[in-house]
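Next comes query-v9.pdb, a file with PDB, N, CA and C atoms.
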```pdb
MODEL        1
ATOM      1  N   MET T 103       9.877  -6.932  -2.030
ATOM      2  CA  MET T 103       9.006  -7.044  -0.879
ATOM      3  C   MET T 103       9.591  -6.287   0.302
ATOM      4  N   GLY T 104      10.907  -6.344   0.481
ATOM      5  CA  GLY T 104      11.546  -5.671   1.599
ATOM      6  C   GLY T 104      11.352  -4.168   1.600
ATOM      7  N   PRO T 105      11.608  -3.485   0.466
ATOM      8  CA  PRO T 105      11.410  -2.024   0.461
ATOM      9  C   PRO T 105       9.964  -1.621   0.739
ATOM     10  N   ARG T 106       9.032  -2.432   0.306
ATOM     11  CA  ARG T 106       7.620  -2.097   0.530
ATOM     12  C   ARG T 106       7.269  -2.165   2.015
ATOM     13  N   ILE T 107       7.762  -3.193   2.702
ATOM     14  CA  ILE T 107       7.513  -3.319   4.140
ATOM     15  C   ILE T 107       8.186  -2.166   4.880
ATOM     16  N   PHE T 108       9.417  -1.845   4.496
ATOM     17  CA  PHE T 108      10.125  -0.734   5.119
ATOM     18  C   PHE T 108       9.361   0.572   4.927
ATOM     19  N   LEU T 109       8.863   0.798   3.710
ATOM     20  CA  LEU T 109       8.110   2.022   3.435
ATOM     21  C   LEU T 109       6.831   2.075   4.276
ATOM     22  N   GLN T 110       6.147   0.960   4.405
ATOM     23  CA  GLN T 110       4.926   0.952   5.203
ATOM     24  C   GLN T 110       5.232   1.193   6.680
ATOM     25  N   MET T 111       6.352   0.666   7.161
ATOM     26  CA  MET T 111       6.735   0.928   8.550
ATOM     27  C   MET T 111       7.053   2.411   8.745
ATOM     28  N   VAL T 112       7.764   3.003   7.792
ATOM     29  CA  VAL T 112       8.085   4.427   7.884
ATOM     30  C   VAL T 112       6.801   5.250   7.871
ATOM     31  N   LEU T 113       5.882   4.904   6.963
ATOM     32  CA  LEU T 113       4.631   5.645   6.889
ATOM     33  C   LEU T 113       3.785   5.467   8.146
ATOM     34  N   PHE T 114       3.898   4.314   8.806
ATOM     35  CA  PHE T 114       3.153   4.103  10.045
ATOM     36  C   PHE T 114       3.733   4.936  11.180
ATOM     37  N   PHE T 115       5.063   4.949  11.319
ATOM     38  CA  PHE T 115       5.686   5.638  12.445
ATOM     39  C   PHE T 115       5.846   7.141  12.224
ATOM     40  N   LEU T 116       5.751   7.602  10.995
ATOM     41  CA  LEU T 116       5.963   9.012  10.692
ATOM     42  C   LEU T 116       5.031   9.949  11.459
ATOM     43  N   PRO T 117       3.736   9.677  11.579
ATOM     44  CA  PRO T 117       2.885  10.594  12.358
ATOM     45  C   PRO T 117       3.305  10.691  13.823
ATOM     46  N   PHE T 118       3.731   9.581  14.415
ATOM     47  CA  PHE T 118       4.153   9.604  15.810
ATOM     48  C   PHE T 118       5.430  10.430  15.985
ATOM     49  N   ILE T 119       6.357  10.264  15.053
ATOM     50  CA  ILE T 119       7.611  11.023  15.108
ATOM     51  C   ILE T 119       7.325  12.512  14.927
ATOM     52  N   LEU T 120       6.490  12.843  13.938
ATOM     53  CA  LEU T 120       6.169  14.251  13.701
ATOM     54  C   LEU T 120       5.396  14.858  14.871
ATOM     55  N   PHE T 121       4.528  14.075  15.517
ATOM     56  CA  PHE T 121       3.818  14.588  16.681
ATOM     57  C   PHE T 121       4.784  14.859  17.825
ATOM     58  N   GLY T 122       5.787  13.979  17.994
ATOM     59  CA  GLY T 122       6.803  14.217  19.021
ATOM     60  C   GLY T 122       7.589  15.483  18.748
ATOM     61  N   ILE T 123       7.962  15.697  17.497
ATOM     62  CA  ILE T 123       8.678  16.926  17.124
ATOM     63  C   ILE T 123       7.792  18.144  17.376
ATOM     64  N   TYR T 124       6.513  18.024  17.045
ATOM     65  CA  TYR T 124       5.569  19.116  17.269
ATOM     66  C   TYR T 124       5.464  19.443  18.756
ATOM     67  N   ARG T 125       5.337  18.417  19.603
ATOM     68  CA  ARG T 125       5.223  18.655  21.042
ATOM     69  C   ARG T 125       6.476  19.327  21.605
ATOM     70  N   ILE T 126       7.644  18.890  21.138
ATOM     71  CA  ILE T 126       8.894  19.509  21.594
ATOM     72  C   ILE T 126       8.949  20.970  21.163
ATOM     73  N   ALA T 127       8.563  21.237  19.903
ATOM     74  CA  ALA T 127       8.601  22.609  19.391
ATOM     75  C   ALA T 127       7.605  23.506  20.117
ATOM     76  N   ILE T 128       6.437  22.988  20.427
ATOM     77  CA  ILE T 128       5.419  23.787  21.131
ATOM     78  C   ILE T 128       5.905  24.149  22.532
ATOM     79  N   THR T 129       6.460  23.176  23.246
ATOM     80  CA  THR T 129       6.919  23.470  24.614
ATOM     81  C   THR T 129       8.071  24.470  24.600
ATOM     82  N   GLU T 130       8.976  24.335  23.625
ATOM     83  CA  GLU T 130      10.075  25.299  23.523
ATOM     84  C   GLU T 130       9.546  26.688  23.187
ATOM     85  N   ALA T 131       8.560  26.760  22.285
ATOM     86  CA  ALA T 131       8.004  28.062  21.900
ATOM     87  C   ALA T 131       7.292  28.711  23.081
ATOM     88  N   GLU T 132       6.567  27.916  23.859
ATOM     89  CA  GLU T 132       5.866  28.478  25.017
ATOM     90  C   GLU T 132       6.852  28.949  26.076
ATOM     91  N   GLN T 133       7.957  28.223  26.246
ATOM     92  CA  GLN T 133       8.951  28.617  27.240
ATOM     93  C   GLN T 133       9.661  29.897  26.829
ATOM     94  N   GLU T 134       9.885  30.066  25.537
ATOM     95  CA  GLU T 134      10.579  31.251  25.048
ATOM     96  C   GLU T 134       9.620  32.416  24.780
ATOM     97  N   GLY T 135       8.320  32.188  24.888
ATOM     98  CA  GLY T 135       7.351  33.252  24.684
ATOM     99  C   GLY T 135       6.992  33.489  23.230
ATOM    100  N   ARG T 136       7.378  32.589  22.336
ATOM    101  CA  ARG T 136       7.023  32.740  20.919
ATOM    102  C   ARG T 136       5.662  32.116  20.641
ATOM    103  N   LYS T 137       5.115  32.482  19.489
ATOM    104  CA  LYS T 137       3.835  31.921  19.065
ATOM    105  C   LYS T 137       4.061  30.494  18.552
ATOM    106  N   PRO T 138       3.208  29.517  18.944
ATOM    107  CA  PRO T 138       3.359  28.151  18.436
ATOM    108  C   PRO T 138       3.092  28.067  16.936
ATOM    109  N   TRP T 139       3.460  26.954  16.371
ATOM    110  CA  TRP T 139       3.289  26.757  14.932
ATOM    111  C   TRP T 139       1.826  26.882  14.538
ATOM    112  N   PRO T 140       1.583  27.404  13.366
ATOM    113  CA  PRO T 140       0.187  27.508  12.921
ATOM    114  C   PRO T 140      -0.364  26.148  12.485
ATOM    115  N   ILE T 141      -1.649  26.005  12.662
ATOM    116  CA  ILE T 141      -2.327  24.752  12.328
ATOM    117  C   ILE T 141      -2.314  24.511  10.817
ATOM    118  N   ARG T 142      -2.388  25.557  10.024
ATOM    119  CA  ARG T 142      -2.405  25.382   8.570
ATOM    120  C   ARG T 142      -1.137  24.702   8.068
ATOM    121  N   ALA T 143       0.001  25.096   8.601
ATOM    122  CA  ALA T 143       1.264  24.487   8.168
ATOM    123  C   ALA T 143       1.297  23.002   8.531
ATOM    124  N   LEU T 144       0.811  22.663   9.713
ATOM    125  CA  LEU T 144       0.789  21.262  10.114
ATOM    126  C   LEU T 144      -0.191  20.462   9.263
ATOM    127  N   PHE T 145      -1.359  21.033   9.001
ATOM    128  CA  PHE T 145      -2.342  20.349   8.162
ATOM    129  C   PHE T 145      -1.784  20.148   6.756
ATOM    130  N   GLY T 146      -1.170  21.184   6.210
ATOM    131  CA  GLY T 146      -0.605  21.083   4.868
ATOM    132  C   GLY T 146       0.511  20.064   4.772
ATOM    133  N   SER T 147       1.387  20.041   5.777
ATOM    134  CA  SER T 147       2.476  19.055   5.741
ATOM    135  C   SER T 147       1.927  17.640   5.909
ATOM    136  N   GLY T 148       0.922  17.461   6.758
ATOM    137  CA  GLY T 148       0.315  16.134   6.916
ATOM    138  C   GLY T 148      -0.374  15.676   5.651
ATOM    139  N   LEU T 149      -1.095  16.582   5.008
ATOM    140  CA  LEU T 149      -1.769  16.246   3.757
ATOM    141  C   LEU T 149      -0.747  15.903   2.670
ATOM    142  N   GLY T 150       0.328  16.693   2.603
ATOM    143  CA  GLY T 150       1.372  16.416   1.617
ATOM    144  C   GLY T 150       2.043  15.068   1.841
ATOM    145  N   LEU T 151       2.341  14.744   3.103
ATOM    146  CA  LEU T 151       2.950  13.444   3.402
ATOM    147  C   LEU T 151       1.998  12.291   3.101
ATOM    148  N   ALA T 152       0.719  12.468   3.407
ATOM    149  CA  ALA T 152      -0.250  11.402   3.135
ATOM    150  C   ALA T 152      -0.392  11.158   1.635
ATOM    151  N   LEU T 153      -0.523  12.237   0.863
ATOM    152  CA  LEU T 153      -0.641  12.080  -0.588
ATOM    153  C   LEU T 153       0.631  11.523  -1.201
ATOM    154  N   GLY T 154       1.779  11.988  -0.706
ATOM    155  CA  GLY T 154       3.053  11.473  -1.203
ATOM    156  C   GLY T 154       3.213   9.985  -0.924
ATOM    157  N   GLY T 155       2.871   9.565   0.287
ATOM    158  CA  GLY T 155       2.949   8.144   0.617
ATOM    159  C   GLY T 155       1.993   7.308  -0.214
ATOM    160  N   TRP T 156       0.804   7.835  -0.448
ATOM    161  CA  TRP T 156      -0.174   7.138  -1.259
ATOM    162  C   TRP T 156       0.336   6.958  -2.694
ATOM    163  N   LEU T 157       0.907   8.008  -3.255
ATOM    164  CA  LEU T 157       1.442   7.923  -4.618
ATOM    165  C   LEU T 157       2.625   6.968  -4.702
ATOM    166  N   VAL T 158       3.487   6.979  -3.687
ATOM    167  CA  VAL T 158       4.628   6.053  -3.681
ATOM    168  C   VAL T 158       4.138   4.611  -3.639
ATOM    169  N   LEU T 159       3.124   4.328  -2.831
ATOM    170  CA  LEU T 159       2.591   2.964  -2.770
ATOM    171  C   LEU T 159       1.957   2.553  -4.093
ATOM    172  N   ILE T 160       1.303   3.484  -4.782
ATOM    173  CA  ILE T 160       0.730   3.167  -6.092
ATOM    174  C   ILE T 160       1.844   2.821  -7.074
ATOM    175  N   VAL T 161       2.902   3.613  -7.089
ATOM    176  CA  VAL T 161       4.017   3.365  -8.009
ATOM    177  C   VAL T 161       4.690   2.035  -7.678
ATOM    178  N   LEU T 162       4.928   1.765  -6.398
ATOM    179  CA  LEU T 162       5.554   0.502  -6.018
ATOM    180  C   LEU T 162       4.693  -0.693  -6.391
ATOM    181  N   ASP T 163       3.381  -0.548  -6.285
ATOM    182  CA  ASP T 163       2.490  -1.650  -6.619
ATOM    183  C   ASP T 163       2.549  -1.964  -8.107
ATOM    184  N   ARG T 164       2.638  -0.941  -8.927
ATOM    185  CA  ARG T 164       2.688  -1.165 -10.376
ATOM    186  C   ARG T 164       4.058  -1.647 -10.825
ATOM    187  N   VAL T 165       5.107  -1.214 -10.164
ATOM    188  CA  VAL T 165       6.462  -1.579 -10.564
ATOM    189  C   VAL T 165       6.824  -2.979 -10.087
ATOM    190  N   ALA T 166       6.242  -3.401  -8.958
ATOM    191  CA  ALA T 166       6.632  -4.669  -8.344
ATOM    192  C   ALA T 166       6.450  -5.841  -9.287
ATOM    193  N   GLY T 167       5.376  -5.891 -10.039
ATOM    194  CA  GLY T 167       5.152  -6.962 -10.983
ATOM    195  C   GLY T 167       5.004  -8.318 -10.311
ATOM    196  N   GLU T 168       4.430  -8.343  -9.138
ATOM    197  CA  GLU T 168       4.248  -9.605  -8.445
ATOM    198  C   GLU T 168       3.237 -10.454  -9.200
ATOM    199  N   PRO T 169       3.460 -11.763  -9.260
ATOM    200  CA  PRO T 169       2.521 -12.623  -9.991
ATOM    201  C   PRO T 169       1.225 -12.819  -9.218
ATOM    202  N   CYS T 170       0.192 -13.165  -9.967
ATOM    203  CA  CYS T 170      -1.098 -13.462  -9.354
ATOM    204  C   CYS T 170      -1.130 -14.936  -8.957
ATOM    205  N   TYR T 171      -1.993 -15.265  -8.027
ATOM    206  CA  TYR T 171      -2.113 -16.623  -7.519
ATOM    207  C   TYR T 171      -3.332 -17.284  -8.153
ATOM    208  N   LYS T 172      -3.111 -18.460  -8.733
ATOM    209  CA  LYS T 172      -4.213 -19.248  -9.277
ATOM    210  C   LYS T 172      -4.371 -20.452  -8.358
ATOM    211  N   PRO T 173      -5.511 -20.586  -7.681
ATOM    212  CA  PRO T 173      -5.671 -21.663  -6.701
ATOM    213  C   PRO T 173      -5.681 -23.039  -7.357
ATOM    214  N   SER T 174      -5.457 -24.052  -6.544
ATOM    215  CA  SER T 174      -5.482 -25.422  -7.059
ATOM    216  C   SER T 174      -6.903 -25.773  -7.484
ATOM    217  N   GLU T 175      -6.984 -26.670  -8.483
ATOM    218  CA  GLU T 175      -8.273 -27.053  -9.039
ATOM    219  C   GLU T 175      -8.339 -28.564  -9.184
ATOM    220  N   ILE T 176      -9.545 -29.063  -9.211
ATOM    221  CA  ILE T 176      -9.767 -30.479  -9.517
ATOM    222  C   ILE T 176     -10.434 -30.517 -10.881
ATOM    223  N   VAL T 177      -9.735 -31.084 -11.864
ATOM    224  CA  VAL T 177     -10.243 -31.175 -13.219
ATOM    225  C   VAL T 177     -10.188 -32.636 -13.633
ATOM    226  N   ASP T 178     -11.325 -33.204 -13.991
ATOM    227  CA  ASP T 178     -11.430 -34.615 -14.413
ATOM    228  C   ASP T 178     -10.835 -35.550 -13.372
ATOM    229  N   GLY T 179     -11.040 -35.269 -12.113
ATOM    230  CA  GLY T 179     -10.562 -36.137 -11.039
ATOM    231  C   GLY T 179      -9.088 -35.970 -10.705
ATOM    232  N   ARG T 180      -8.402 -35.084 -11.384
ATOM    233  CA  ARG T 180      -6.985 -34.849 -11.086
ATOM    234  C   ARG T 180      -6.845 -33.502 -10.400
ATOM    235  N   ILE T 181      -5.899 -33.414  -9.480
ATOM    236  CA  ILE T 181      -5.635 -32.155  -8.780
ATOM    237  C   ILE T 181      -4.555 -31.406  -9.539
ATOM    238  N   ILE T 182      -4.900 -30.216  -9.964
ATOM    239  CA  ILE T 182      -3.925 -29.330 -10.608
ATOM    240  C   ILE T 182      -3.418 -28.402  -9.514
ATOM    241  N   PRO T 183      -2.113 -28.433  -9.226
ATOM    242  CA  PRO T 183      -1.605 -27.625  -8.112
ATOM    243  C   PRO T 183      -1.731 -26.125  -8.374
ATOM    244  N   ALA T 184      -1.684 -25.390  -7.287
ATOM    245  CA  ALA T 184      -1.739 -23.931  -7.373
ATOM    246  C   ALA T 184      -0.523 -23.411  -8.130
ATOM    247  N   GLN T 185      -0.719 -22.271  -8.793
ATOM    248  CA  GLN T 185       0.361 -21.695  -9.598
ATOM    249  C   GLN T 185       0.419 -20.194  -9.379
ATOM    250  N   LYS T 186       1.595 -19.662  -9.593
ATOM    251  CA  LYS T 186       1.756 -18.210  -9.670
ATOM    252  C   LYS T 186       1.942 -17.892 -11.140
ATOM    253  N   ILE T 187       1.005 -17.083 -11.670
ATOM    254  CA  ILE T 187       1.019 -16.763 -13.088
ATOM    255  C   ILE T 187       1.043 -15.255 -13.260
ATOM    256  N   PRO T 188       1.477 -14.760 -14.436
ATOM    257  CA  PRO T 188       1.453 -13.308 -14.660
ATOM    258  C   PRO T 188       0.024 -12.776 -14.591
ATOM    259  N   CYS T 189      -0.137 -11.624 -13.998
ATOM    260  CA  CYS T 189      -1.474 -11.052 -13.814
ATOM    261  C   CYS T 189      -2.133 -10.701 -15.142
ATOM    262  N   ASP T 190      -1.345 -10.524 -16.201
ATOM    263  CA  ASP T 190      -1.922 -10.229 -17.513
ATOM    264  C   ASP T 190      -2.705 -11.424 -18.043
ATOM    265  N   ALA T 191      -2.332 -12.634 -17.626
ATOM    266  CA  ALA T 191      -2.975 -13.848 -18.115
ATOM    267  C   ALA T 191      -4.250 -14.175 -17.346
ATOM    268  N   VAL T 192      -4.509 -13.487 -16.249
ATOM    269  CA  VAL T 192      -5.687 -13.765 -15.432
ATOM    270  C   VAL T 192      -6.876 -12.994 -15.993
ATOM    271  N   PRO T 193      -7.999 -13.688 -16.255
ATOM    272  CA  PRO T 193      -9.183 -12.959 -16.754
ATOM    273  C   PRO T 193      -9.758 -12.061 -15.668
ATOM    274  N   ASP T 194     -10.244 -10.893 -16.081
ATOM    275  CA  ASP T 194     -10.801  -9.928 -15.141
ATOM    276  C   ASP T 194     -12.234 -10.261 -14.740
ATOM    277  N   THR T 195     -12.987 -10.850 -15.655
ATOM    278  CA  THR T 195     -14.390 -11.136 -15.377
ATOM    279  C   THR T 195     -14.699 -12.601 -15.646
ATOM    280  N   ALA T 196     -15.853 -13.048 -15.185
ATOM    281  CA  ALA T 196     -16.270 -14.430 -15.416
ATOM    282  C   ALA T 196     -16.497 -14.681 -16.899
ATOM    283  N   ASN T 197     -17.007 -13.690 -17.624
ATOM    284  CA  ASN T 197     -17.239 -13.861 -19.064
ATOM    285  C   ASN T 197     -15.931 -14.091 -19.812
ATOM    286  N   GLU T 198     -14.879 -13.380 -19.422
ATOM    287  CA  GLU T 198     -13.575 -13.598 -20.057
ATOM    288  C   GLU T 198     -13.057 -14.989 -19.754
ATOM    289  N   ALA T 199     -13.297 -15.481 -18.549
ATOM    290  CA  ALA T 199     -12.858 -16.825 -18.191
ATOM    291  C   ALA T 199     -13.585 -17.873 -19.018
ATOM    292  N   ILE T 200     -14.878 -17.656 -19.242
ATOM    293  CA  ILE T 200     -15.657 -18.605 -20.044
ATOM    294  C   ILE T 200     -15.184 -18.589 -21.494
ATOM    295  N   GLU T 201     -14.907 -17.391 -22.013
ATOM    296  CA  GLU T 201     -14.460 -17.277 -23.402
ATOM    297  C   GLU T 201     -13.111 -17.955 -23.620
ATOM    298  N   THR T 202     -12.218 -17.869 -22.634
ATOM    299  CA  THR T 202     -10.902 -18.495 -22.798
ATOM    300  C   THR T 202     -10.907 -19.961 -22.412
ATOM    301  N   GLY T 203     -12.005 -20.449 -21.811
ATOM    302  CA  GLY T 203     -12.100 -21.867 -21.463
ATOM    303  C   GLY T 203     -11.486 -22.222 -20.134
ATOM    304  N   GLU T 204     -11.188 -21.243 -19.303
ATOM    305  CA  GLU T 204     -10.611 -21.531 -17.986
ATOM    306  C   GLU T 204     -11.717 -21.921 -17.033
ATOM    307  N   THR T 205     -11.381 -22.832 -16.134
ATOM    308  CA  THR T 205     -12.342 -23.240 -15.118
ATOM    309  C   THR T 205     -11.765 -22.887 -13.752
ATOM    310  N   THR T 206     -12.609 -22.356 -12.923
ATOM    311  CA  THR T 206     -12.214 -22.063 -11.539
ATOM    312  C   THR T 206     -13.350 -22.496 -10.632
ATOM    313  N   GLU T 207     -13.361 -23.782 -10.286
ATOM    314  CA  GLU T 207     -14.390 -24.298  -9.396
ATOM    315  C   GLU T 207     -13.911 -24.178  -7.967
ATOM    316  N   ARG T 208     -14.793 -23.761  -7.079
ATOM    317  CA  ARG T 208     -14.422 -23.616  -5.683
ATOM    318  C   ARG T 208     -15.388 -24.341  -4.825
TER
ENDMDL
END
```
Can you present the structure in this file as structure tokens?
Amino acid sequence: MGPRIFLQMVLFFLPFILFGIYRIAITEAEQEGRKPWPIRALFGSGLGLALGGWLVLIVLDRVAGEPCYKPSEIVDGRIIPAQKIPCDAVPDTANEAIETGETTER
């Protein structure tokens, strides 16, 4: 959980940091009389960082293996407490739940 939060914080602050670097570089280039950075390079680097961050989050989500949450239920007048179960055991559709005999009343 910790690395995921850290990665999301980095991905959140990265555009602000890169914009600050861009502003510093533009002012230095204007003071020295050079041409500022081209827009294509900035667009390409932003697109690359966005896609890279998206792929990293997909990989982290699949690797994490966090369990799914099964809410508490009332069955035959008894309260069955909430559980964390493997996501493979959770039915994807209502038909699968009916076939396996699971009840999820809300």
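Neighbours of segment 103-113 of chain T closer than or equal to 8 Å, with only N, CA and C atoms counted and sequence neighbours fewer than 4 positions away skipped, come out as T:Pro117, T:Phe118, T:Gly155, T:Leu159, T:Leu162, T:Ala166.
Closest approach to Lys172 of chain T among T:Gly135, T:Gly122, T:Gly146, T:Pro188: T:Pro188, based on only C-alpha atoms.
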Open item on the list: One decimal, in Å: what's the spacing between atom C of Ala152 of chain T and atom C of Phe121 of chain T?
Closed with: 17.4 Å
Open item on the list: For a test of reading the model, state the distance in Å between atom CA of Gly150 of chain T and atom CA of Ala127 of chain T, rounded to one decimal.
Closed with: 20.2 Å
TODO: Can you work out the spacing between atom CA of Arg136 of chain T and atom CA of Leu116 of chain T in Å, to one decimal?
DONE: 25.9 Å
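Picked by the PyMOL selection byres ((chain T and resi 174) around 6.5) from the coordinates shown: Lys172, Pro173, Glu175, Ile176, Ile181, Ile182, Pro183, Ala184 and Gln185 of chain T.
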